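One file, model.txt, carrying compact mmCIF, C-alpha atoms:
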# COMPACT_ATOMS: atom_id res chain seq x y z
CA MET H 1 4.16 0.58 23.12
CA ARG H 2 6.23 3.72 23.22
CA ASP H 3 8.24 2.74 20.14
CA ALA H 4 5.06 2.58 18.12
CA VAL H 5 3.64 6.00 19.01
CA PRO H 6 5.44 7.76 16.13
CA ILE H 7 4.20 4.94 13.91
CA GLY H 8 0.66 5.60 15.10
CA LEU H 9 0.97 9.32 14.31
CA GLY H 10 2.32 8.55 10.87
CA TYR H 11 -0.51 6.07 10.32
CA PHE H 12 -3.01 8.71 11.28
CA ALA H 13 -1.79 11.05 8.54
CA VAL H 14 -1.63 8.35 5.88
CA SER H 15 -4.99 6.84 6.76
CA PHE H 16 -6.58 10.27 6.63
CA SER H 17 -5.77 10.49 2.93
CA LEU H 18 -6.82 6.87 2.54
CA GLY H 19 -10.16 7.94 4.02
CA ILE H 20 -10.52 10.51 1.23
CA THR H 21 -10.15 7.66 -1.26
CA ALA H 22 -12.70 5.61 0.67
CA HIS H 23 -15.05 8.56 0.59
CA ASN H 24 -14.63 8.88 -3.18
CA ALA H 25 -15.40 5.18 -3.46
CA GLY H 26 -18.69 5.76 -1.62
CA LEU H 27 -17.79 4.22 1.74
CA SER H 28 -19.23 5.56 4.98
CA ALA H 29 -17.02 6.59 7.90
CA MET H 30 -18.02 3.41 9.75
CA GLN H 31 -17.13 1.25 6.76
CA GLY H 32 -13.79 3.00 6.40
CA PHE H 33 -13.12 2.50 10.12
CA ILE H 34 -13.92 -1.21 9.98
CA ALA H 35 -11.97 -1.78 6.75
CA SER H 36 -8.87 -0.16 8.23
CA LEU H 37 -9.23 -1.93 11.57
CA LEU H 38 -9.43 -5.30 9.82
CA CYS H 39 -7.08 -4.90 6.87
CA THR H 40 -4.33 -2.58 8.22
CA ALA H 41 -2.77 -2.03 4.79
CA SER H 42 -2.38 1.22 2.85
CA ALA H 43 -1.78 0.04 -0.71
CA GLY H 44 -4.01 -3.00 -0.22
CA GLU H 45 -6.93 -0.98 1.10
CA TYR H 46 -6.45 1.69 -1.51
CA ALA H 47 -6.57 -0.90 -4.28
CA GLY H 48 -9.63 -2.48 -2.67
CA PHE H 49 -11.47 0.85 -2.42
CA THR H 50 -10.84 1.73 -6.06
CA LEU H 51 -12.16 -1.69 -7.08
CA ILE H 52 -15.24 -1.25 -4.90
CA ALA H 53 -15.79 2.11 -6.61
CA ALA H 54 -15.52 0.38 -9.98
CA GLY H 55 -18.05 -2.26 -8.93
CA ALA H 56 -15.53 -5.07 -9.43
CA SER H 57 -16.23 -8.72 -8.65
CA TYR H 58 -15.30 -10.28 -5.29
CA ALA H 59 -12.71 -12.42 -7.07
CA GLU H 60 -11.03 -9.32 -8.48
CA VAL H 61 -11.00 -7.64 -5.06
CA SER H 62 -9.56 -10.74 -3.44
CA LEU H 63 -6.87 -11.20 -6.09
CA MET H 64 -5.92 -7.54 -5.97
CA THR H 65 -5.75 -7.54 -2.16
CA PHE H 66 -3.59 -10.63 -2.37
CA ILE H 67 -1.16 -9.04 -4.82
CA THR H 68 -0.84 -5.68 -3.09
CA ASN H 69 -0.26 -7.48 0.22
CA MET H 70 2.11 -10.06 -1.19
CA ARG H 71 5.12 -8.36 0.37
CA TYR H 72 3.68 -9.25 3.77
CA MET H 73 4.20 -12.89 2.90
CA LEU H 74 7.90 -12.17 2.81
CA MET H 75 7.75 -10.38 6.16
CA SER H 76 5.62 -13.14 7.60
CA LEU H 77 8.25 -15.65 6.53
CA ALA H 78 11.02 -13.57 8.05
CA LEU H 79 9.08 -13.28 11.34
CA SER H 80 8.40 -17.02 11.38
CA GLN H 81 12.16 -17.59 11.54
CA ARG H 82 12.33 -15.51 14.71
CA CYS H 83 9.57 -17.18 16.71
CA SER H 84 10.73 -19.14 19.74
CA GLU H 85 9.70 -22.78 19.80
CA LYS H 86 8.35 -22.22 23.30
CA MET H 87 6.02 -19.44 22.17
CA PRO H 88 2.41 -20.63 22.13
CA PHE H 89 1.25 -21.13 18.56
CA VAL H 90 -1.83 -18.94 19.01
CA HIS H 91 0.36 -15.80 19.08
CA ARG H 92 1.23 -16.35 15.43
CA LEU H 93 -2.45 -16.25 14.58
CA ILE H 94 -2.97 -12.97 16.47
CA PHE H 95 0.00 -10.74 15.68
CA GLY H 96 0.11 -12.06 12.12
CA TYR H 97 -3.01 -10.00 11.48
CA ALA H 98 -1.02 -6.80 11.93
CA ILE H 99 2.08 -7.44 9.84
CA THR H 100 2.67 -3.99 8.37
CA ASP H 101 5.84 -2.39 7.01
CA GLU H 102 6.39 -0.39 10.17
CA LEU H 103 5.42 -2.93 12.85
CA PHE H 104 7.48 -5.53 11.03
CA ALA H 105 10.42 -3.14 11.04
CA ILE H 106 10.43 -2.40 14.78
CA ASN H 107 9.90 -6.06 15.70
CA ILE H 108 12.47 -7.57 13.38
CA ALA H 109 14.97 -4.91 14.47
CA ARG H 110 14.96 -6.26 18.07
CA PRO H 111 17.59 -8.88 18.78
CA GLY H 112 16.74 -12.47 19.71
CA HIS H 113 13.38 -14.17 19.65
CA LEU H 114 10.26 -12.27 18.80
CA ASP H 115 8.35 -11.02 21.84
CA PRO H 116 4.62 -11.25 21.06
CA TRP H 117 3.77 -8.82 23.87
CA TYR H 118 6.06 -6.20 22.37
CA TYR H 119 4.21 -6.75 19.11
CA TYR H 120 0.80 -6.34 20.79
CA GLY H 121 1.94 -3.07 22.35
CA GLY H 122 2.86 -1.83 18.90
CA ILE H 123 -0.51 -2.85 17.51
CA LEU H 124 -2.42 -1.13 20.32
CA SER H 125 -0.64 2.18 19.89
CA SER H 126 -0.87 2.31 16.11
CA VAL H 127 -3.79 0.40 14.59
CA PRO H 128 -6.59 2.34 16.39
CA LEU H 129 -5.11 5.59 15.03
CA TRP H 130 -5.00 4.02 11.60
CA ALA H 131 -8.70 3.19 11.74
CA LEU H 132 -9.65 6.54 13.28
CA GLY H 133 -7.71 8.46 10.63
CA THR H 134 -9.56 6.61 7.88
CA ALA H 135 -12.94 7.44 9.41
CA LEU H 136 -12.04 11.12 9.79
CA GLY H 137 -10.78 11.16 6.20
CA VAL H 138 -14.15 9.88 4.99
CA ILE H 139 -16.00 12.48 7.04
CA SER H 140 -13.82 15.35 5.87
CA GLY H 141 -14.43 14.21 2.30
CA ASP H 142 -18.08 15.08 2.96
CA VAL H 143 -17.43 18.36 4.71
CA LEU H 144 -14.51 19.93 2.86
CA PRO H 145 -14.91 21.90 -0.37
CA ALA H 146 -14.09 20.16 -3.68
CA ARG H 147 -10.88 22.16 -4.05
CA ILE H 148 -9.44 20.81 -0.81
CA VAL H 149 -10.61 17.24 -1.47
CA SER H 150 -8.99 17.43 -4.90
CA ALA H 151 -5.71 18.51 -3.30
CA LEU H 152 -5.86 15.87 -0.54
CA SER H 153 -6.66 13.09 -3.00
CA VAL H 154 -3.07 13.18 -4.28
CA ALA H 155 -1.60 12.72 -0.77
CA LEU H 156 -1.60 8.95 -1.05
CA TYR H 157 0.09 9.05 -4.45
CA GLY H 158 2.69 11.35 -2.93
CA MET H 159 3.39 8.71 -0.29
CA PHE H 160 3.61 6.00 -2.94
CA LEU H 161 6.16 8.15 -4.76
CA ALA H 162 8.12 8.61 -1.53
CA ILE H 163 8.33 4.81 -1.23
CA VAL H 164 9.22 4.12 -4.85
CA ILE H 165 11.55 6.96 -5.84
CA PRO H 166 14.40 6.71 -3.26
CA PRO H 167 15.23 3.06 -4.16
CA ALA H 168 14.82 4.03 -7.83
CA LYS H 169 17.49 6.66 -7.30
CA LYS H 170 19.85 4.14 -5.73
CA SER H 171 19.26 1.29 -8.16
CA ARG H 172 19.09 1.70 -11.92
CA VAL H 173 17.14 -1.53 -12.14
CA ILE H 174 14.35 -0.27 -9.89
CA GLY H 175 14.44 3.12 -11.62
CA GLY H 176 13.98 1.42 -14.97
CA ILE H 177 11.20 -0.75 -13.58
CA VAL H 178 9.34 2.30 -12.24
CA ALA H 179 9.60 3.99 -15.66
CA VAL H 180 8.39 0.83 -17.41
CA CYS H 181 5.47 0.58 -14.97
CA PHE H 182 4.41 4.19 -15.57
CA ALA H 183 4.54 3.69 -19.33
CA ALA H 184 2.82 0.29 -19.28
CA SER H 185 0.11 1.53 -16.94
CA TYR H 186 -0.54 4.54 -19.17
CA ILE H 187 -0.50 2.63 -22.45
CA THR H 188 -2.73 -0.24 -21.32
CA GLY H 189 -5.23 2.31 -20.07
CA ARG H 190 -5.34 3.93 -23.50
CA VAL H 191 -5.20 1.05 -25.96
CA SER H 192 -8.82 0.31 -26.73
CA LEU H 193 -8.38 -3.47 -26.75
CA LEU H 194 -7.03 -3.45 -23.19
CA SER H 195 -8.86 -0.52 -21.65
CA GLY H 196 -12.02 -2.63 -21.61
CA ILE H 197 -10.46 -4.74 -18.84
CA SER H 198 -11.09 -3.23 -15.41
CA SER H 199 -8.25 -1.16 -13.95
CA GLY H 200 -7.86 -3.62 -11.09
CA THR H 201 -7.34 -6.56 -13.39
CA ARG H 202 -4.90 -4.50 -15.44
CA THR H 203 -2.89 -3.76 -12.29
CA ILE H 204 -2.85 -7.45 -11.39
CA ILE H 205 -1.70 -8.55 -14.84
CA LEU H 206 0.91 -5.81 -15.14
CA THR H 207 2.27 -6.57 -11.66
CA LEU H 208 2.63 -10.26 -12.42
CA VAL H 209 4.21 -9.66 -15.84
CA ILE H 210 6.61 -6.86 -14.87
CA ALA H 211 7.68 -8.30 -11.51
CA SER H 212 8.25 -11.73 -13.09
CA ALA H 213 10.27 -10.23 -15.92
CA ALA H 214 12.32 -8.19 -13.44
CA ALA H 215 12.92 -11.27 -11.27
CA LEU H 216 14.12 -13.26 -14.29
CA LEU H 217 16.28 -10.50 -15.77
CA PHE H 218 17.65 -9.02 -12.54
CA PRO H 219 17.48 -11.63 -9.76
CA VAL H 220 18.33 -10.14 -6.39
CA PRO H 221 21.18 -11.69 -4.41
CA THR H 222 19.81 -14.41 -2.13
CA ASP H 223 21.31 -15.22 1.30
CA ASP H 224 19.68 -13.86 4.40
CA ASP H 225 18.98 -10.38 3.17
CA ILE H 226 15.31 -10.84 4.05
CA ASP H 227 16.25 -9.93 7.58
CA MET X 1 -27.23 -5.14 3.94
CA ASP X 2 -24.73 -2.98 2.11
CA LYS X 3 -22.64 -4.79 -0.46
CA THR X 4 -19.64 -2.78 0.74
CA TYR X 5 -19.45 -4.88 3.92
CA SER X 6 -19.11 -8.02 1.82
CA TYR X 7 -16.26 -6.37 -0.06
CA ILE X 8 -14.60 -5.43 3.22
CA ALA X 9 -15.00 -9.02 4.44
CA VAL X 10 -13.31 -10.29 1.28
CA MET X 11 -10.47 -7.80 1.75
CA PHE X 12 -10.07 -8.79 5.40
CA ILE X 13 -10.02 -12.53 4.79
CA THR X 14 -7.49 -12.17 1.98
CA SER X 15 -5.20 -9.79 3.89
CA TYR X 16 -5.33 -12.04 6.96
CA LEU X 17 -4.52 -15.25 5.11
CA VAL X 18 -1.67 -13.63 3.16
CA ARG X 19 -0.04 -12.62 6.44
CA VAL X 20 -0.76 -15.59 8.64
CA LEU X 21 -0.36 -18.56 6.29
CA PRO X 22 3.40 -18.14 5.75
CA LEU X 23 3.84 -17.60 9.48
CA THR X 24 2.05 -20.83 10.29
CA ILE X 25 2.88 -23.10 7.36
CA PHE X 26 6.42 -22.29 6.28
CA ARG X 27 8.95 -22.93 8.97
CA LYS X 28 11.91 -22.87 6.59
CA PRO X 29 12.94 -19.91 4.42
CA ILE X 30 12.06 -20.01 0.73
CA LYS X 31 15.21 -20.77 -1.21
CA SER X 32 13.98 -20.05 -4.74
CA ARG X 33 15.84 -17.09 -6.11
CA PHE X 34 13.03 -16.32 -8.53
CA VAL X 35 10.39 -16.19 -5.78
CA GLN X 36 12.57 -13.99 -3.59
CA SER X 37 13.31 -11.61 -6.47
CA PHE X 38 9.66 -11.55 -7.51
CA LEU X 39 8.49 -10.69 -3.99
CA TYR X 40 11.21 -8.06 -3.75
CA TYR X 41 10.04 -6.25 -6.88
CA VAL X 42 6.28 -6.52 -6.35
CA PRO X 43 5.79 -3.50 -4.04
CA TYR X 44 7.66 -1.14 -6.39
CA VAL X 45 5.81 -2.42 -9.44
CA THR X 46 2.34 -2.30 -7.91
CA LEU X 47 2.78 1.13 -6.35
CA SER X 48 4.16 2.58 -9.59
CA ILE X 49 1.30 1.19 -11.63
CA MET X 50 -1.27 2.51 -9.18
CA THR X 51 0.32 5.97 -9.03
CA PHE X 52 0.42 6.80 -12.73
CA PRO X 53 -1.75 7.80 -14.53
CA ALA X 54 -4.18 7.71 -11.56
CA ILE X 55 -2.58 10.78 -9.92
CA VAL X 56 -3.34 12.84 -13.04
CA GLU X 57 -6.96 11.64 -13.08
CA ALA X 58 -7.60 12.17 -9.35
CA THR X 59 -7.58 15.95 -9.42
CA GLN X 60 -10.14 18.35 -10.87
CA SER X 61 -7.59 19.58 -13.39
CA PRO X 62 -5.25 17.00 -15.00
CA VAL X 63 -2.54 19.67 -15.26
CA ALA X 64 -2.55 20.05 -11.48
CA GLY X 65 -2.19 16.28 -11.09
CA ALA X 66 0.72 16.21 -13.53
CA LEU X 67 2.46 19.04 -11.67
CA ALA X 68 1.93 17.17 -8.39
CA LEU X 69 3.51 14.07 -9.94
CA ILE X 70 6.59 16.01 -11.04
CA ALA X 71 6.88 17.80 -7.70
CA GLY X 72 6.42 14.53 -5.80
CA ILE X 73 9.12 12.74 -7.80
CA ALA X 74 11.49 15.69 -7.36
CA ALA X 75 10.88 15.92 -3.61
CA ALA X 76 11.28 12.16 -3.08
CA TRP X 77 14.43 12.23 -5.22
CA LEU X 78 15.88 14.90 -2.99
CA GLY X 79 15.23 12.71 0.03
CA ALA X 80 11.95 14.01 1.48
CA GLY X 81 10.03 11.49 3.61
CA LEU X 82 6.51 10.11 3.21
CA LEU X 83 4.63 12.92 4.88
CA PRO X 84 6.61 15.86 3.37
CA VAL X 85 6.21 14.45 -0.15
CA ALA X 86 2.49 13.99 0.38
CA VAL X 87 2.11 17.53 1.72
CA ILE X 88 4.08 18.97 -1.21
CA CYS X 89 1.87 17.14 -3.72
CA CYS X 90 -1.27 18.45 -2.00
CA ALA X 91 0.10 22.00 -1.91
CA VAL X 92 1.00 21.91 -5.61
CA VAL X 93 -2.51 20.78 -6.56
CA LEU X 94 -4.09 23.40 -4.32
CA ALA X 95 -1.95 26.18 -5.81
CA ALA X 96 -2.31 24.98 -9.40
CA GLU X 97 -6.08 24.63 -9.22
CA PHE X 98 -6.34 28.01 -7.56
CA LEU X 99 -4.77 29.49 -10.68
CA LEU X 100 -6.38 27.19 -13.25
CA ILE X 101 -9.99 26.80 -12.14
For the file at hand, write its structure as structure tokens.
Amino acid sequence: MRDAVPIGLGYFAVSFSLGITAHNAGLSAMQGFIASLLCTASAGEYAGFTLIAAGASYAEVSLMTFITNMRYMLMSLALSQRCSEKMPFVHRLIFGYAITDELFAINIARPGHLDPWYYYGGILSSVPLWALGTALGVISGDVLPARIVSALSVALYGMFLAIVIPPAKKSRVIGGIVAVCFAASYITGRVSLLSGISSGTRTIILTLVIASAAALLFPVPTDDDID
Amino acid sequence: MDKTYSYIAVMFITSYLVRVLPLTIFRKPIKSRFVQSFLYYVPYVTLSIMTFPAIVEATQSPVAGALALIAGIAAAWLGAGLLPVAVICCAVVLAAEFLLI
């Protein structure tokens, strides 16, 4: 559990700004709390909240959640390779719910078979803070003046940038992809023919097109680099 | 009953299945180079698309949002972590809107 305390504190800060987004989307503190407790995903929840705000269909929300959480499939696969055959199957159903970037990282970093109890400790010391932070973010969206809310609403984008930019600096391919994404996202929002499509659907289509193109043009080396 | 709870349920079911199905179904690693590459690029692509131009539209003044974007990219480029970059973006918006509005 101790290893996950810093994770929990980090989650608290991130989820606070996520709560601001939830507030802007019209969610109550309770709804924000439940959403974060159940979904435990920053980008996925953010995308979901913006779609809820836009009054999107359930299919759109589901598809968008699927796409923004697709990277967890990769982590889930990697974790499945590390499960002992003796481990009761039910554990996979429980800890699988909380596959996040950070909890994945600390669990996959430990040598040998995965210890489900270590995973549960990590969940207990981080996920409640994640949910609490979201709820407080929603509440503060109500209480704080517009100036502060406006400033805090870019926090999440700042974190997205902090995830995207360092690899873009290291790899020209990712740098180019980020630039293409910015341009494509801007243009498709402006062109009248395409701007009629909801922003969520645009994100889905652009993700599929750009990531597929990147995978075809610049395939990453295979081997066991998932671990 | 609030429609929001139905949305949350949809989000939960999808997020849960995405995470648990590979863990339970696939016991062997995926060999396809295309699938691996695709999954590798997806987070960068999705996050980039969601960040711009949304960051410019999120603030009261678009100029403040644009400044936050530039400051955020610069800070992340120089190696600042998640929280510092986020704080810098917030501070830039706060300062810019203090002057602009």
Would you list the contacts of region 129-131 of chain H as a list of chain:residue names, taking every protein, DNA or RNA residue within 9 Å and counting only C-alpha atoms, but skipping same-chain residues closer than 4 positions in sequence?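 Contacts, in chain order: H:Gly8, H:Leu9, H:Gly10, H:Tyr11, H:Phe12, H:Ala13, H:Val14, H:Ser15, H:Phe16, H:Gly32, H:Phe33, H:Ile34, H:Ala35, H:Ser36, H:Leu37, H:Leu38, H:Thr40, H:Leu124, H:Ser125, H:Ala135, H:Leu136.
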Which residue is closest to Thr4 (chain X)? Choose from H:Ala56, H:Ala151, H:Ile67, H:Met87 and count only C-alpha atoms.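 Comparing H:Ala56, H:Ala151, H:Ile67, H:Met87 against Thr4 (chain X), the winner is H:Ala56.
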Report, in Å with one decimal, the straight-line distance from CA of Ala43 (chain H) to CA of Thr68 (chain H).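 Taking CA of Ala43 (chain H) as the start and CA of Thr68 (chain H) as the end point, the length is 6.3 Å.
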Pick the closest to chain H from X:Ala95, X:Val35, X:Ala86, X:Val56: which is it, counting only C-alpha atoms? X:Ala86
Considering only C-alpha atoms, state which residue in the set H:Val90, H:Ala47, H:Phe218, H:Glu102 is at the smallest distance from Ile49 (chain X).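 Checking each candidate against Ile49 (chain X), we get H:Ala47 as the closest.
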Starting from the incomplete input, reconstruct N, CA and C atoms of region 101-128 of chain H and report them as a PDB file, in the frame of the given file.
ATOM      1  N   ASP H 101       4.436  -2.772   7.243  1.00  0.00           N
ATOM      2  CA  ASP H 101       5.840  -2.390   7.010  1.00  0.00           C
ATOM      3  C   ASP H 101       6.489  -1.929   8.297  1.00  0.00           C
ATOM      4  N   GLU H 102       5.789  -1.049   9.021  1.00  0.00           N
ATOM      5  CA  GLU H 102       6.390  -0.390  10.170  1.00  0.00           C
ATOM      6  C   GLU H 102       6.486  -1.312  11.380  1.00  0.00           C
ATOM      7  N   LEU H 103       5.387  -2.044  11.681  1.00  0.00           N
ATOM      8  CA  LEU H 103       5.420  -2.930  12.850  1.00  0.00           C
ATOM      9  C   LEU H 103       6.393  -4.074  12.605  1.00  0.00           C
ATOM     10  N   PHE H 104       6.475  -4.528  11.377  1.00  0.00           N
ATOM     11  CA  PHE H 104       7.480  -5.530  11.030  1.00  0.00           C
ATOM     12  C   PHE H 104       8.867  -4.981  11.331  1.00  0.00           C
ATOM     13  N   ALA H 105       9.087  -3.733  10.906  1.00  0.00           N
ATOM     14  CA  ALA H 105      10.420  -3.140  11.040  1.00  0.00           C
ATOM     15  C   ALA H 105      10.861  -3.064  12.499  1.00  0.00           C
ATOM     16  N   ILE H 106       9.974  -2.563  13.391  1.00  0.00           N
ATOM     17  CA  ILE H 106      10.430  -2.400  14.780  1.00  0.00           C
ATOM     18  C   ILE H 106      10.570  -3.753  15.476  1.00  0.00           C
ATOM     19  N   ASN H 107       9.802  -4.769  15.039  1.00  0.00           N
ATOM     20  CA  ASN H 107       9.900  -6.060  15.700  1.00  0.00           C
ATOM     21  C   ASN H 107      11.094  -6.874  15.227  1.00  0.00           C
ATOM     22  N   ILE H 108      11.357  -6.797  13.918  1.00  0.00           N
ATOM     23  CA  ILE H 108      12.470  -7.570  13.380  1.00  0.00           C
ATOM     24  C   ILE H 108      13.796  -6.929  13.789  1.00  0.00           C
ATOM     25  N   ALA H 109      13.742  -5.626  14.117  1.00  0.00           N
ATOM     26  CA  ALA H 109      14.970  -4.910  14.470  1.00  0.00           C
ATOM     27  C   ALA H 109      15.449  -5.291  15.877  1.00  0.00           C
ATOM     28  N   ARG H 110      14.553  -5.882  16.708  1.00  0.00           N
ATOM     29  CA  ARG H 110      14.960  -6.260  18.070  1.00  0.00           C
ATOM     30  C   ARG H 110      15.719  -7.576  18.040  1.00  0.00           C
ATOM     31  N   PRO H 111      16.790  -7.660  18.805  1.00  0.00           N
ATOM     32  CA  PRO H 111      17.590  -8.880  18.780  1.00  0.00           C
ATOM     33  C   PRO H 111      16.873 -10.063  19.438  1.00  0.00           C
ATOM     34  N   GLY H 112      17.262 -11.266  19.079  1.00  0.00           N
ATOM     35  CA  GLY H 112      16.740 -12.470  19.710  1.00  0.00           C
ATOM     36  C   GLY H 112      15.367 -12.867  19.226  1.00  0.00           C
ATOM     37  N   HIS H 113      14.704 -13.698  20.036  1.00  0.00           N
ATOM     38  CA  HIS H 113      13.380 -14.170  19.650  1.00  0.00           C
ATOM     39  C   HIS H 113      12.360 -13.053  19.678  1.00  0.00           C
ATOM     40  N   LEU H 114      11.346 -13.239  18.861  1.00  0.00           N
ATOM     41  CA  LEU H 114      10.260 -12.270  18.800  1.00  0.00           C
ATOM     42  C   LEU H 114       9.469 -12.294  20.119  1.00  0.00           C
ATOM     43  N   ASP H 115       9.167 -11.103  20.634  1.00  0.00           N
ATOM     44  CA  ASP H 115       8.350 -11.020  21.840  1.00  0.00           C
ATOM     45  C   ASP H 115       6.932 -10.622  21.448  1.00  0.00           C
ATOM     46  N   PRO H 116       5.980 -11.569  21.519  1.00  0.00           N
ATOM     47  CA  PRO H 116       4.620 -11.250  21.060  1.00  0.00           C
ATOM     48  C   PRO H 116       4.012 -10.069  21.811  1.00  0.00           C
ATOM     49  N   TRP H 117       4.374  -9.911  23.089  1.00  0.00           N
ATOM     50  CA  TRP H 117       3.770  -8.820  23.870  1.00  0.00           C
ATOM     51  C   TRP H 117       4.273  -7.464  23.397  1.00  0.00           C
ATOM     52  N   TYR H 118       5.536  -7.431  22.971  1.00  0.00           N
ATOM     53  CA  TYR H 118       6.060  -6.200  22.370  1.00  0.00           C
ATOM     54  C   TYR H 118       5.267  -5.894  21.097  1.00  0.00           C
ATOM     55  N   TYR H 119       4.974  -6.932  20.337  1.00  0.00           N
ATOM     56  CA  TYR H 119       4.210  -6.750  19.110  1.00  0.00           C
ATOM     57  C   TYR H 119       2.809  -6.212  19.420  1.00  0.00           C
ATOM     58  N   TYR H 120       2.172  -6.784  20.449  1.00  0.00           N
ATOM     59  CA  TYR H 120       0.800  -6.340  20.790  1.00  0.00           C
ATOM     60  C   TYR H 120       0.798  -4.876  21.213  1.00  0.00           C
ATOM     61  N   GLY H 121       1.836  -4.473  21.948  1.00  0.00           N
ATOM     62  CA  GLY H 121       1.940  -3.070  22.350  1.00  0.00           C
ATOM     63  C   GLY H 121       1.982  -2.172  21.126  1.00  0.00           C
ATOM     64  N   GLY H 122       2.760  -2.586  20.143  1.00  0.00           N
ATOM     65  CA  GLY H 122       2.860  -1.830  18.900  1.00  0.00           C
ATOM     66  C   GLY H 122       1.525  -1.733  18.192  1.00  0.00           C
ATOM     67  N   ILE H 123       0.803  -2.842  18.166  1.00  0.00           N
ATOM     68  CA  ILE H 123      -0.510  -2.850  17.510  1.00  0.00           C
ATOM     69  C   ILE H 123      -1.443  -1.868  18.211  1.00  0.00           C
ATOM     70  N   LEU H 124      -1.474  -1.950  19.557  1.00  0.00           N
ATOM     71  CA  LEU H 124      -2.420  -1.130  20.320  1.00  0.00           C
ATOM     72  C   LEU H 124      -2.164   0.358  20.161  1.00  0.00           C
ATOM     73  N   SER H 125      -0.894   0.746  19.984  1.00  0.00           N
ATOM     74  CA  SER H 125      -0.640   2.180  19.890  1.00  0.00           C
ATOM     75  C   SER H 125      -0.610   2.674  18.448  1.00  0.00           C
ATOM     76  N   SER H 126      -0.881   1.819  17.485  1.00  0.00           N
ATOM     77  CA  SER H 126      -0.870   2.310  16.110  1.00  0.00           C
ATOM     78  C   SER H 126      -2.143   2.000  15.316  1.00  0.00           C
ATOM     79  N   VAL H 127      -2.652   0.781  15.434  1.00  0.00           N
ATOM     80  CA  VAL H 127      -3.790   0.400  14.590  1.00  0.00           C
ATOM     81  C   VAL H 127      -5.066   1.216  14.883  1.00  0.00           C
ATOM     82  N   PRO H 128      -5.389   1.502  16.162  1.00  0.00           N
ATOM     83  CA  PRO H 128      -6.590   2.340  16.390  1.00  0.00           C
ATOM     84  C   PRO H 128      -6.486   3.697  15.708  1.00  0.00           C
TER      85      PRO H 128
END
